[in-house]
Amino acid sequence: MNKTFAETLNGTLWGLMRWEQWDGLRRQIGESLDPWYFYAVGEDLPAEPLAGERLAIALEALDALLRNDHRDEHLGIVYTDDFSRPSFVKIYDPHHMGGCGGGQGIPPGWTISRQPPEFIAHGPVRPENRRRWWRELQEKQGAGG
């Protein structure tokens with residue numbers, strides 16, 4: 001049985017506790033020939049999945065943001081459905097987690113998935129610095145929305 005996006009988002013996911021695991025996951029996604037939907041929660045849904053250079057740009061930008069804003073030795077804010085064959089990743093924003101590793105009812109900051117995402121309400125107000133980061137990333141990719 002194939003799960004819906006929401007079922008996967010709210011289902012059992014495995015946490016990445018070490019930065020090396022994140023590096024490996026990014027490498028798997030980036031080297032995959034499959035397109036991936038990169039979604040900033042609370043923003044417009046992506047019109048199309050990313051692949052190739054556009055996907056590499058998104059992964060690199062997200063990595064830089066996480067390393068800059070989450071200066072903890074342990075990662076603990078990235079979750080995936082499968083370490084060896086991922087199809088879904090959710091990442092909590094280091095500045096909007098509501099507690100260690102994501103608070104109850106706090107939505108993730110981003111999802112990366114093989115299936116089209118469903119809209120997730122961000123909650124109160126998405127910080128302008130994150131909205132600006134998202135717009136700049138889309139400009140780098142040559143994407144419109």
# chains A, B, ... in the order shown; residues from 1 in each chain; ligands from 1
>>> closest_atom_pairs(of="stretch 12-46 of chain A", to="stretch 72-82 of chain A", cutoff="6 Å", atoms="only C-alpha atoms", output="Markdown table")
| residue | atom | partner | partner_atom | distance |
| --- | --- | --- | --- | --- |
| A:Leu13 | CA | A:Asp81 | CA | 4.8 |
| A:Trp14 | CA | A:Tyr79 | CA | 5.2 |
| A:Gly15 | CA | A:Tyr79 | CA | 4.3 |
| A:Leu16 | CA | A:Val78 | CA | 5.6 |
| A:Met17 | CA | A:Gly76 | CA | 4.7 |
| A:Arg18 | CA | A:Leu75 | CA | 5.2 |
| A:Trp19 | CA | A:Leu75 | CA | 5.8 |
>>> write_last_selection(atoms="N, CA and C atoms", output="PDB file, in the first residue's frame")
ATOM      1  N   LEU A  13       9.273   7.854  11.039  1.00  0.00           N
ATOM      2  CA  LEU A  13      10.462   8.290  10.317  1.00  0.00           C
ATOM      3  C   LEU A  13      11.655   8.103  11.246  1.00  0.00           C
ATOM      4  N   TRP A  14      12.815   7.941  10.668  1.00  0.00           N
ATOM      5  CA  TRP A  14      14.032   7.659  11.423  1.00  0.00           C
ATOM      6  C   TRP A  14      14.900   8.898  11.474  1.00  0.00           C
ATOM      7  N   GLY A  15      15.343   9.233  12.666  1.00  0.00           N
ATOM      8  CA  GLY A  15      16.149  10.429  12.855  1.00  0.00           C
ATOM      9  C   GLY A  15      17.612  10.235  12.525  1.00  0.00           C
ATOM     10  N   LEU A  16      18.183  11.245  11.933  1.00  0.00           N
ATOM     11  CA  LEU A  16      19.619  11.279  11.655  1.00  0.00           C
ATOM     12  C   LEU A  16      20.268  12.009  12.823  1.00  0.00           C
ATOM     13  N   MET A  17      21.093  11.308  13.556  1.00  0.00           N
ATOM     14  CA  MET A  17      21.693  11.890  14.747  1.00  0.00           C
ATOM     15  C   MET A  17      23.081  12.473  14.490  1.00  0.00           C
ATOM     16  N   ARG A  18      23.712  12.052  13.412  1.00  0.00           N
ATOM     17  CA  ARG A  18      25.074  12.518  13.122  1.00  0.00           C
ATOM     18  C   ARG A  18      25.106  13.262  11.779  1.00  0.00           C
ATOM     19  N   TRP A  19      25.961  14.250  11.704  1.00  0.00           N
ATOM     20  CA  TRP A  19      26.117  15.009  10.477  1.00  0.00           C
ATOM     21  C   TRP A  19      26.558  14.123   9.325  1.00  0.00           C
TER      22      TRP A  19
END
>>> residues_around(residues="A:Glu31", least_positions_apart="5", cutoff="12 Å", atoms="only C-alpha atoms", output="PyMOL selection string")
chain A and resi 24-26+36+51-53+55-56+59
>>> write_last_selection(atoms="N, CA and C atoms", output="short mmCIF file (atom, residue, chain, number, x, y, z; two decimals), in the first residue's frame")
data_model
loop_
_atom_site.label_atom_id
_atom_site.label_comp_id
_atom_site.auth_asym_id
_atom_site.auth_seq_id
_atom_site.Cartn_x
_atom_site.Cartn_y
_atom_site.Cartn_z
N GLY A 24 25.57 11.58 3.93
CA GLY A 24 25.25 10.40 3.13
C GLY A 24 23.87 10.50 2.49
N LEU A 25 22.90 10.99 3.24
CA LEU A 25 21.53 11.14 2.71
C LEU A 25 21.51 12.15 1.57
N ARG A 26 22.18 13.27 1.76
CA ARG A 26 22.25 14.28 0.70
C ARG A 26 22.90 13.70 -0.55
N TRP A 36 13.05 15.10 -7.24
CA TRP A 36 12.60 15.25 -5.85
C TRP A 36 11.87 16.58 -5.70
N ALA A 51 15.71 18.14 -10.17
CA ALA A 51 16.67 17.09 -10.51
C ALA A 51 17.95 17.78 -10.96
N GLY A 52 19.02 17.03 -11.05
CA GLY A 52 20.27 17.55 -11.58
C GLY A 52 20.79 18.75 -10.83
N GLU A 53 21.19 19.77 -11.59
CA GLU A 53 21.82 20.96 -11.02
C GLU A 53 20.88 21.71 -10.07
N LEU A 55 18.51 20.49 -8.20
CA LEU A 55 18.45 19.74 -6.95
C LEU A 55 19.74 19.92 -6.16
N ALA A 56 20.87 19.89 -6.84
CA ALA A 56 22.17 20.08 -6.18
C ALA A 56 22.24 21.45 -5.51
N LEU A 59 20.05 21.35 -2.32
CA LEU A 59 20.67 20.56 -1.25
C LEU A 59 21.86 21.29 -0.64
#
>>> residues_around(residues="stretch 85-99 of chain A", least_positions_apart="5", cutoff="8 Å", atoms="only C-alpha atoms", output="ChimeraX atom specification")
/A:8-9,25,29,66,69-70,77-80,104,106-115
>>> write_last_selection(atoms="C-alpha atoms", output="compact mmCIF listing (two decimals), in the first residue's frame")
# COMPACT_ATOMS: atom_id res chain seq x y z
CA THR A 8 4.39 9.57 5.48
CA LEU A 9 4.95 12.99 7.08
CA LEU A 25 21.53 11.14 2.71
CA ILE A 29 19.38 12.14 -3.04
CA LEU A 66 21.63 23.91 8.65
CA ASP A 69 22.11 27.71 12.20
CA HIS A 70 22.40 24.34 13.97
CA ILE A 77 16.50 17.61 13.23
CA VAL A 78 16.40 15.54 10.03
CA TYR A 79 14.17 12.48 9.59
CA THR A 80 13.80 10.02 6.73
CA GLN A 104 4.71 18.32 19.30
CA ILE A 106 5.46 22.07 15.28
CA PRO A 107 5.67 21.55 11.51
CA PRO A 108 9.01 20.92 9.84
CA GLY A 109 10.73 23.72 7.97
CA TRP A 110 11.24 21.72 4.78
CA THR A 111 10.40 18.42 3.15
CA ILE A 112 12.19 16.64 0.34
CA SER A 113 10.10 13.90 -1.21
CA ARG A 114 9.66 11.79 -4.29
CA GLN A 115 5.91 12.39 -4.25
>>> select_by_dssp(residues="stretch 21-131 of chain A", states="alpha helix (DSSP H)", output="ChimeraX atom specification")
/A:21-31,52-69,128-131
>>> decode(residues="stretch 29-129 of chain A", atoms="C-alpha atoms", output="PDB file, in the first residue's frame")
ATOM      1  CA  ILE A  29      19.384  12.142  -3.044  1.00  0.00           C
ATOM      2  CA  GLY A  30      21.754  14.194  -5.191  1.00  0.00           C
ATOM      3  CA  GLU A  31      23.128  11.192  -7.061  1.00  0.00           C
ATOM      4  CA  SER A  32      19.703   9.717  -7.646  1.00  0.00           C
ATOM      5  CA  LEU A  33      18.377  10.037 -11.158  1.00  0.00           C
ATOM      6  CA  ASP A  34      14.913  10.538  -9.715  1.00  0.00           C
ATOM      7  CA  PRO A  35      13.386  14.000  -9.372  1.00  0.00           C
ATOM      8  CA  TRP A  36      12.604  15.253  -5.850  1.00  0.00           C
ATOM      9  CA  TYR A  37      10.099  17.802  -4.576  1.00  0.00           C
ATOM     10  CA  PHE A  38      11.784  20.363  -2.347  1.00  0.00           C
ATOM     11  CA  TYR A  39       9.144  22.158  -0.255  1.00  0.00           C
ATOM     12  CA  ALA A  40       9.510  25.060   2.165  1.00  0.00           C
ATOM     13  CA  VAL A  41       6.639  24.502   4.581  1.00  0.00           C
ATOM     14  CA  GLY A  42       4.080  27.279   4.508  1.00  0.00           C
ATOM     15  CA  GLU A  43       5.164  28.513   1.073  1.00  0.00           C
ATOM     16  CA  ASP A  44       3.507  27.714  -2.253  1.00  0.00           C
ATOM     17  CA  LEU A  45       3.700  24.067  -3.243  1.00  0.00           C
ATOM     18  CA  PRO A  46       6.421  23.366  -5.787  1.00  0.00           C
ATOM     19  CA  ALA A  47       5.120  23.267  -9.341  1.00  0.00           C
ATOM     20  CA  GLU A  48       7.617  20.603 -10.360  1.00  0.00           C
ATOM     21  CA  PRO A  49      10.243  18.353  -8.827  1.00  0.00           C
ATOM     22  CA  LEU A  50      13.937  19.169  -8.934  1.00  0.00           C
ATOM     23  CA  ALA A  51      16.672  17.088 -10.513  1.00  0.00           C
ATOM     24  CA  GLY A  52      20.269  17.545 -11.579  1.00  0.00           C
ATOM     25  CA  GLU A  53      21.818  20.964 -11.021  1.00  0.00           C
ATOM     26  CA  ARG A  54      18.653  22.516  -9.537  1.00  0.00           C
ATOM     27  CA  LEU A  55      18.449  19.737  -6.947  1.00  0.00           C
ATOM     28  CA  ALA A  56      22.167  20.078  -6.179  1.00  0.00           C
ATOM     29  CA  ILE A  57      21.746  23.832  -5.602  1.00  0.00           C
ATOM     30  CA  ALA A  58      18.826  23.244  -3.215  1.00  0.00           C
ATOM     31  CA  LEU A  59      20.668  20.562  -1.250  1.00  0.00           C
ATOM     32  CA  GLU A  60      23.811  22.677  -0.993  1.00  0.00           C
ATOM     33  CA  ALA A  61      21.861  25.729   0.175  1.00  0.00           C
ATOM     34  CA  LEU A  62      19.940  23.722   2.779  1.00  0.00           C
ATOM     35  CA  ASP A  63      23.165  22.123   4.017  1.00  0.00           C
ATOM     36  CA  ALA A  64      24.790  25.539   4.416  1.00  0.00           C
ATOM     37  CA  LEU A  65      21.768  26.893   6.283  1.00  0.00           C
ATOM     38  CA  LEU A  66      21.633  23.907   8.651  1.00  0.00           C
ATOM     39  CA  ARG A  67      25.368  23.988   9.377  1.00  0.00           C
ATOM     40  CA  ASN A  68      25.242  27.718  10.043  1.00  0.00           C
ATOM     41  CA  ASP A  69      22.107  27.706  12.205  1.00  0.00           C
ATOM     42  CA  HIS A  70      22.400  24.340  13.974  1.00  0.00           C
ATOM     43  CA  ARG A  71      25.873  24.320  15.458  1.00  0.00           C
ATOM     44  CA  ASP A  72      25.251  21.297  17.619  1.00  0.00           C
ATOM     45  CA  GLU A  73      27.542  18.278  17.512  1.00  0.00           C
ATOM     46  CA  HIS A  74      24.480  16.065  17.020  1.00  0.00           C
ATOM     47  CA  LEU A  75      22.038  16.630  14.195  1.00  0.00           C
ATOM     48  CA  GLY A  76      18.659  15.362  15.447  1.00  0.00           C
ATOM     49  CA  ILE A  77      16.503  17.615  13.232  1.00  0.00           C
ATOM     50  CA  VAL A  78      16.401  15.540  10.034  1.00  0.00           C
ATOM     51  CA  TYR A  79      14.173  12.480   9.590  1.00  0.00           C
ATOM     52  CA  THR A  80      13.800  10.016   6.726  1.00  0.00           C
ATOM     53  CA  ASP A  81      11.602   7.067   5.847  1.00  0.00           C
ATOM     54  CA  ASP A  82      14.536   4.828   4.891  1.00  0.00           C
ATOM     55  CA  PHE A  83      18.286   5.221   5.356  1.00  0.00           C
ATOM     56  CA  SER A  84      19.229   2.985   2.452  1.00  0.00           C
ATOM     57  CA  ARG A  85      16.508   3.936  -0.061  1.00  0.00           C
ATOM     58  CA  PRO A  86      15.002   7.251   1.022  1.00  0.00           C
ATOM     59  CA  SER A  87      11.906   8.654  -0.618  1.00  0.00           C
ATOM     60  CA  PHE A  88      10.921  11.163   2.052  1.00  0.00           C
ATOM     61  CA  VAL A  89      12.863  13.559   4.287  1.00  0.00           C
ATOM     62  CA  LYS A  90      11.594  16.151   6.738  1.00  0.00           C
ATOM     63  CA  ILE A  91      13.861  18.764   8.230  1.00  0.00           C
ATOM     64  CA  TYR A  92      13.046  20.948  11.201  1.00  0.00           C
ATOM     65  CA  ASP A  93      14.116  24.565  11.150  1.00  0.00           C
ATOM     66  CA  PRO A  94      16.787  25.006  13.860  1.00  0.00           C
ATOM     67  CA  HIS A  95      15.129  28.284  14.882  1.00  0.00           C
ATOM     68  CA  HIS A  96      11.572  26.909  15.016  1.00  0.00           C
ATOM     69  CA  MET A  97      11.637  23.472  16.611  1.00  0.00           C
ATOM     70  CA  GLY A  98       9.675  23.908  19.819  1.00  0.00           C
ATOM     71  CA  GLY A  99      12.127  21.696  21.688  1.00  0.00           C
ATOM     72  CA  CYS A 100      14.730  19.033  21.126  1.00  0.00           C
ATOM     73  CA  GLY A 101      14.326  17.433  17.712  1.00  0.00           C
ATOM     74  CA  GLY A 102      10.995  19.019  16.878  1.00  0.00           C
ATOM     75  CA  GLY A 103       8.163  19.832  19.204  1.00  0.00           C
ATOM     76  CA  GLN A 104       4.710  18.325  19.304  1.00  0.00           C
ATOM     77  CA  GLY A 105       2.570  20.028  16.677  1.00  0.00           C
ATOM     78  CA  ILE A 106       5.459  22.070  15.279  1.00  0.00           C
ATOM     79  CA  PRO A 107       5.667  21.546  11.512  1.00  0.00           C
ATOM     80  CA  PRO A 108       9.015  20.916   9.839  1.00  0.00           C
ATOM     81  CA  GLY A 109      10.730  23.718   7.971  1.00  0.00           C
ATOM     82  CA  TRP A 110      11.239  21.718   4.776  1.00  0.00           C
ATOM     83  CA  THR A 111      10.404  18.422   3.148  1.00  0.00           C
ATOM     84  CA  ILE A 112      12.194  16.642   0.339  1.00  0.00           C
ATOM     85  CA  SER A 113      10.105  13.899  -1.209  1.00  0.00           C
ATOM     86  CA  ARG A 114       9.664  11.791  -4.290  1.00  0.00           C
ATOM     87  CA  GLN A 115       5.914  12.391  -4.253  1.00  0.00           C
ATOM     88  CA  PRO A 116       4.250  15.789  -4.615  1.00  0.00           C
ATOM     89  CA  PRO A 117       3.842  17.445  -1.220  1.00  0.00           C
ATOM     90  CA  GLU A 118       0.586  18.554   0.315  1.00  0.00           C
ATOM     91  CA  PHE A 119       0.273  22.019   1.809  1.00  0.00           C
ATOM     92  CA  ILE A 120       1.394  22.222   5.440  1.00  0.00           C
ATOM     93  CA  ALA A 121       0.472  25.329   7.412  1.00  0.00           C
ATOM     94  CA  HIS A 122       3.570  26.855   8.952  1.00  0.00           C
ATOM     95  CA  GLY A 123       1.889  27.974  12.133  1.00  0.00           C
ATOM     96  CA  PRO A 124       2.195  31.526  13.423  1.00  0.00           C
ATOM     97  CA  VAL A 125       4.273  33.618  11.035  1.00  0.00           C
ATOM     98  CA  ARG A 126       7.142  32.296   8.934  1.00  0.00           C
ATOM     99  CA  PRO A 127      10.181  34.460   9.735  1.00  0.00           C
ATOM    100  CA  GLU A 128      11.084  36.871   6.960  1.00  0.00           C
ATOM    101  CA  ASN A 129      14.692  35.656   6.908  1.00  0.00           C
TER     102      ASN A 129
END
